[in-house]
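Asks: Can you keep this structure in mind? I'll have questions shortly.
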Amino acid sequence: MQSTVATFVVSLALALGTASAAVVFDRDCPTNIRAMQYFSVEQYLGKWYEVQRYESEFEENYDCVQVRYSLNEDDSVAVSNSAYNLFNGSSINALGRAVLSFPDEEIVLGKLNVSFFGAPNDRSNYWVLDTDYDKFSVVWSCEQIAPQQSEESFWVLSRTPNPITDIDVMYRVHRIMRRYIDRSQVRFTRQTDERCPVF
Ligand SMILES: *[C@@H]1O[C@H](CO)[C@@H](O)[C@H](O)[C@H]1NC(C)=O
Ligand SMILES: *[C@@H]1O[C@H](CO)[C@@H](O)[C@H](O)[C@H]1NC(C)=O
């Protein structure tokens, strides 16, 4: 029984944790990718809709992905990720906590340590590469898992469930994707299906 519960929790964490929308590449983590400077946690709070991501077998078949960020009393960020499986109607929710990776740096970078289910915030695994806070965000991270092997995660988030049509936003998103993202591994998240719940 206990192991069933543990397995369930782990698969949830993988489904929606930040080590989730991940693709394994036979290369080291790139070192030329920069997180945003002068990042403001406060402006980043609120609800986001995932519109694109690296597909992973753990998150497979999940759509309608919504994430909500709010402030905890200790100034960390409460993370609530929800998703819905359009094939079998199951929803999942994962609660987590995020902190700025390096809050004391003179120029605060958009790097956060996100963890789920009470795990320690010991990995800088959520890098905001670009955001305007009120329309879109491009998030990426990489973890070295072996020599010449790394696992990258990638999400495009939007403040609305609709596909991004704003020309300026598209330009900023594509500028990053063209340089750093393997677009053959990117999946569009269905958000406008009428079965998507309001989480
Ligand atoms: C729906 O499918 C997912 C995987 O695709 C699975 O983890 C989940 O248990 C399924 N839920 C139901 C209710 O069948
Ligand atoms: C975040 O994780 C990194 C390791 O990737 C660590 O060096 C840093 O101290 C962590 N930040 C916080 C605030 O815990």
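The chains in the structure tokens are called A, B, ... from first to last as shown; in each chain the residues are counted from 1, and the ligands are counted from 1 in the order shown.
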Tell me, as a VMD selection string, which residues lie within 10 Å of Pro197 (chain A), counting only C-alpha atoms; anything in the same chain fewer than 4 positions away does not count.

Replies: chain A and resid 64 to 66 82 to 84 91 191 193

Asks: Taking only C-alpha atoms and all ligand atoms into account, which residues are within 10 Å of ligand 2, as a PyMOL selection string?

Replies: chain A and resi 76+98-104+111-114+120-126+143

Asks: Write out as an MDAnalysis selection string all residues of region 19-165 of chain A that backbone DSSP assigns to strand (DSSP E).

Replies: chainID A and resid 22:25 46:54 62:71 77:85 91:100 111:116 126:131 136:146 149:158

Asks: Selected residues, C-alpha atoms, written as a PDB file, in the first residue's frame, please.

Replies:
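For reference, selection.pdb as written:
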ATOM      1  CA  ALA A  22      11.903  17.255 -20.216  1.00  0.00           C
ATOM      2  CA  VAL A  23      13.877  15.882 -23.109  1.00  0.00           C
ATOM      3  CA  VAL A  24      17.180  14.056 -22.754  1.00  0.00           C
ATOM      4  CA  PHE A  25      19.932  15.241 -25.083  1.00  0.00           C
ATOM      5  CA  GLY A  46      -0.924  34.865 -10.654  1.00  0.00           C
ATOM      6  CA  LYS A  47      -2.232  32.435 -13.181  1.00  0.00           C
ATOM      7  CA  TRP A  48      -0.512  31.174 -16.314  1.00  0.00           C
ATOM      8  CA  TYR A  49      -1.583  28.779 -19.054  1.00  0.00           C
ATOM      9  CA  GLU A  50       0.986  26.439 -20.584  1.00  0.00           C
ATOM     10  CA  VAL A  51       0.790  26.767 -24.365  1.00  0.00           C
ATOM     11  CA  GLN A  52       3.893  24.852 -25.465  1.00  0.00           C
ATOM     12  CA  ARG A  53       6.343  22.484 -23.816  1.00  0.00           C
ATOM     13  CA  TYR A  54       8.946  19.866 -24.380  1.00  0.00           C
ATOM     14  CA  TYR A  62      -1.945  15.995 -20.293  1.00  0.00           C
ATOM     15  CA  ASP A  63      -3.406  19.219 -21.586  1.00  0.00           C
ATOM     16  CA  CYS A  64      -5.235  22.227 -20.143  1.00  0.00           C
ATOM     17  CA  VAL A  65      -2.142  22.795 -17.978  1.00  0.00           C
ATOM     18  CA  GLN A  66      -2.590  25.739 -15.649  1.00  0.00           C
ATOM     19  CA  VAL A  67      -0.146  27.036 -13.075  1.00  0.00           C
ATOM     20  CA  ARG A  68      -0.793  29.452 -10.288  1.00  0.00           C
ATOM     21  CA  TYR A  69       1.857  31.327  -8.341  1.00  0.00           C
ATOM     22  CA  SER A  70       1.098  33.151  -5.111  1.00  0.00           C
ATOM     23  CA  LEU A  71       3.165  34.501  -2.235  1.00  0.00           C
ATOM     24  CA  VAL A  77       6.158  31.314  -3.884  1.00  0.00           C
ATOM     25  CA  ALA A  78       3.360  28.780  -3.592  1.00  0.00           C
ATOM     26  CA  VAL A  79       3.076  26.788  -6.804  1.00  0.00           C
ATOM     27  CA  SER A  80      -0.073  24.993  -7.873  1.00  0.00           C
ATOM     28  CA  ASN A  81       0.049  23.085 -11.152  1.00  0.00           C
ATOM     29  CA  SER A  82      -3.025  21.456 -12.613  1.00  0.00           C
ATOM     30  CA  ALA A  83      -3.614  19.456 -15.756  1.00  0.00           C
ATOM     31  CA  TYR A  84      -6.351  17.464 -17.411  1.00  0.00           C
ATOM     32  CA  ASN A  85      -6.139  14.332 -19.503  1.00  0.00           C
ATOM     33  CA  SER A  91      -7.002  15.637 -13.611  1.00  0.00           C
ATOM     34  CA  ILE A  92      -3.879  16.036 -11.582  1.00  0.00           C
ATOM     35  CA  ASN A  93      -2.672  18.738  -9.258  1.00  0.00           C
ATOM     36  CA  ALA A  94       0.771  19.255  -7.806  1.00  0.00           C
ATOM     37  CA  LEU A  95       1.595  21.707  -5.034  1.00  0.00           C
ATOM     38  CA  GLY A  96       5.059  23.102  -4.702  1.00  0.00           C
ATOM     39  CA  ARG A  97       7.224  25.895  -3.471  1.00  0.00           C
ATOM     40  CA  ALA A  98       9.611  28.155  -5.314  1.00  0.00           C
ATOM     41  CA  VAL A  99      12.321  30.538  -4.202  1.00  0.00           C
ATOM     42  CA  LEU A 100      14.665  32.757  -6.138  1.00  0.00           C
ATOM     43  CA  LYS A 111      16.233  31.778 -11.833  1.00  0.00           C
ATOM     44  CA  LEU A 112      14.131  29.871  -9.355  1.00  0.00           C
ATOM     45  CA  ASN A 113      14.413  26.667  -7.359  1.00  0.00           C
ATOM     46  CA  VAL A 114      11.096  24.872  -7.593  1.00  0.00           C
ATOM     47  CA  SER A 115      10.258  21.722  -5.686  1.00  0.00           C
ATOM     48  CA  PHE A 116       7.119  19.710  -5.086  1.00  0.00           C
ATOM     49  CA  TYR A 126      13.230  27.115 -13.492  1.00  0.00           C
ATOM     50  CA  TRP A 127      14.883  29.804 -15.541  1.00  0.00           C
ATOM     51  CA  VAL A 128      12.744  32.562 -16.974  1.00  0.00           C
ATOM     52  CA  LEU A 129      14.481  33.450 -20.221  1.00  0.00           C
ATOM     53  CA  ASP A 130      12.050  36.184 -21.140  1.00  0.00           C
ATOM     54  CA  THR A 131       8.706  37.498 -19.929  1.00  0.00           C
ATOM     55  CA  PHE A 136       3.931  35.540 -21.917  1.00  0.00           C
ATOM     56  CA  SER A 137       6.831  33.766 -20.297  1.00  0.00           C
ATOM     57  CA  VAL A 138       9.488  31.466 -21.726  1.00  0.00           C
ATOM     58  CA  VAL A 139      10.921  29.060 -19.174  1.00  0.00           C
ATOM     59  CA  TRP A 140      13.793  26.648 -19.569  1.00  0.00           C
ATOM     60  CA  SER A 141      16.124  24.589 -17.479  1.00  0.00           C
ATOM     61  CA  CYS A 142      18.801  21.980 -17.865  1.00  0.00           C
ATOM     62  CA  GLU A 143      20.169  19.331 -15.587  1.00  0.00           C
ATOM     63  CA  GLN A 144      23.319  17.393 -16.262  1.00  0.00           C
ATOM     64  CA  ILE A 145      22.495  13.710 -15.717  1.00  0.00           C
ATOM     65  CA  ALA A 146      25.738  12.114 -16.954  1.00  0.00           C
ATOM     66  CA  GLN A 149      24.006  13.821 -21.300  1.00  0.00           C
ATOM     67  CA  SER A 150      21.521  16.354 -20.006  1.00  0.00           C
ATOM     68  CA  GLU A 151      17.835  16.767 -19.486  1.00  0.00           C
ATOM     69  CA  GLU A 152      16.255  20.003 -20.653  1.00  0.00           C
ATOM     70  CA  SER A 153      12.826  21.345 -19.829  1.00  0.00           C
ATOM     71  CA  PHE A 154      11.007  24.017 -21.748  1.00  0.00           C
ATOM     72  CA  TRP A 155       7.671  25.758 -21.424  1.00  0.00           C
ATOM     73  CA  VAL A 156       5.928  28.708 -23.015  1.00  0.00           C
ATOM     74  CA  LEU A 157       3.335  30.187 -20.688  1.00  0.00           C
ATOM     75  CA  SER A 158       0.617  32.674 -21.517  1.00  0.00           C
TER      76      SER A 158
END

Asks: What do you get as a short mmCIF file (atom, residue, chain, number, x, y, z; two decimals) with N, CA and C atoms, in the first residue's frame if you pick all residues at most 6 Å from ligand 1, counting only C-alpha atoms and all ligand atoms?

Replies:
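File written: part33.cif
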data_model
loop_
_atom_site.label_atom_id
_atom_site.label_comp_id
_atom_site.auth_asym_id
_atom_site.auth_seq_id
_atom_site.Cartn_x
_atom_site.Cartn_y
_atom_site.Cartn_z
N ASN A 61 0.00 13.24 -22.79
CA ASN A 61 -1.47 13.23 -22.81
C ASN A 61 -2.11 14.24 -21.87
N ASN A 88 -8.74 10.44 -21.00
CA ASN A 88 -9.48 9.64 -20.02
C ASN A 88 -10.13 10.47 -18.91
N SER A 90 -8.97 12.34 -16.50
CA SER A 90 -8.42 12.49 -15.15
C SER A 90 -7.67 13.81 -15.02
#

Asks: Taking the DSSP secondary structure from the backbone, can you list the residues of region 38-198 of chain A that are alpha helix (DSSP H), as a count of residues only?

Replies: 18
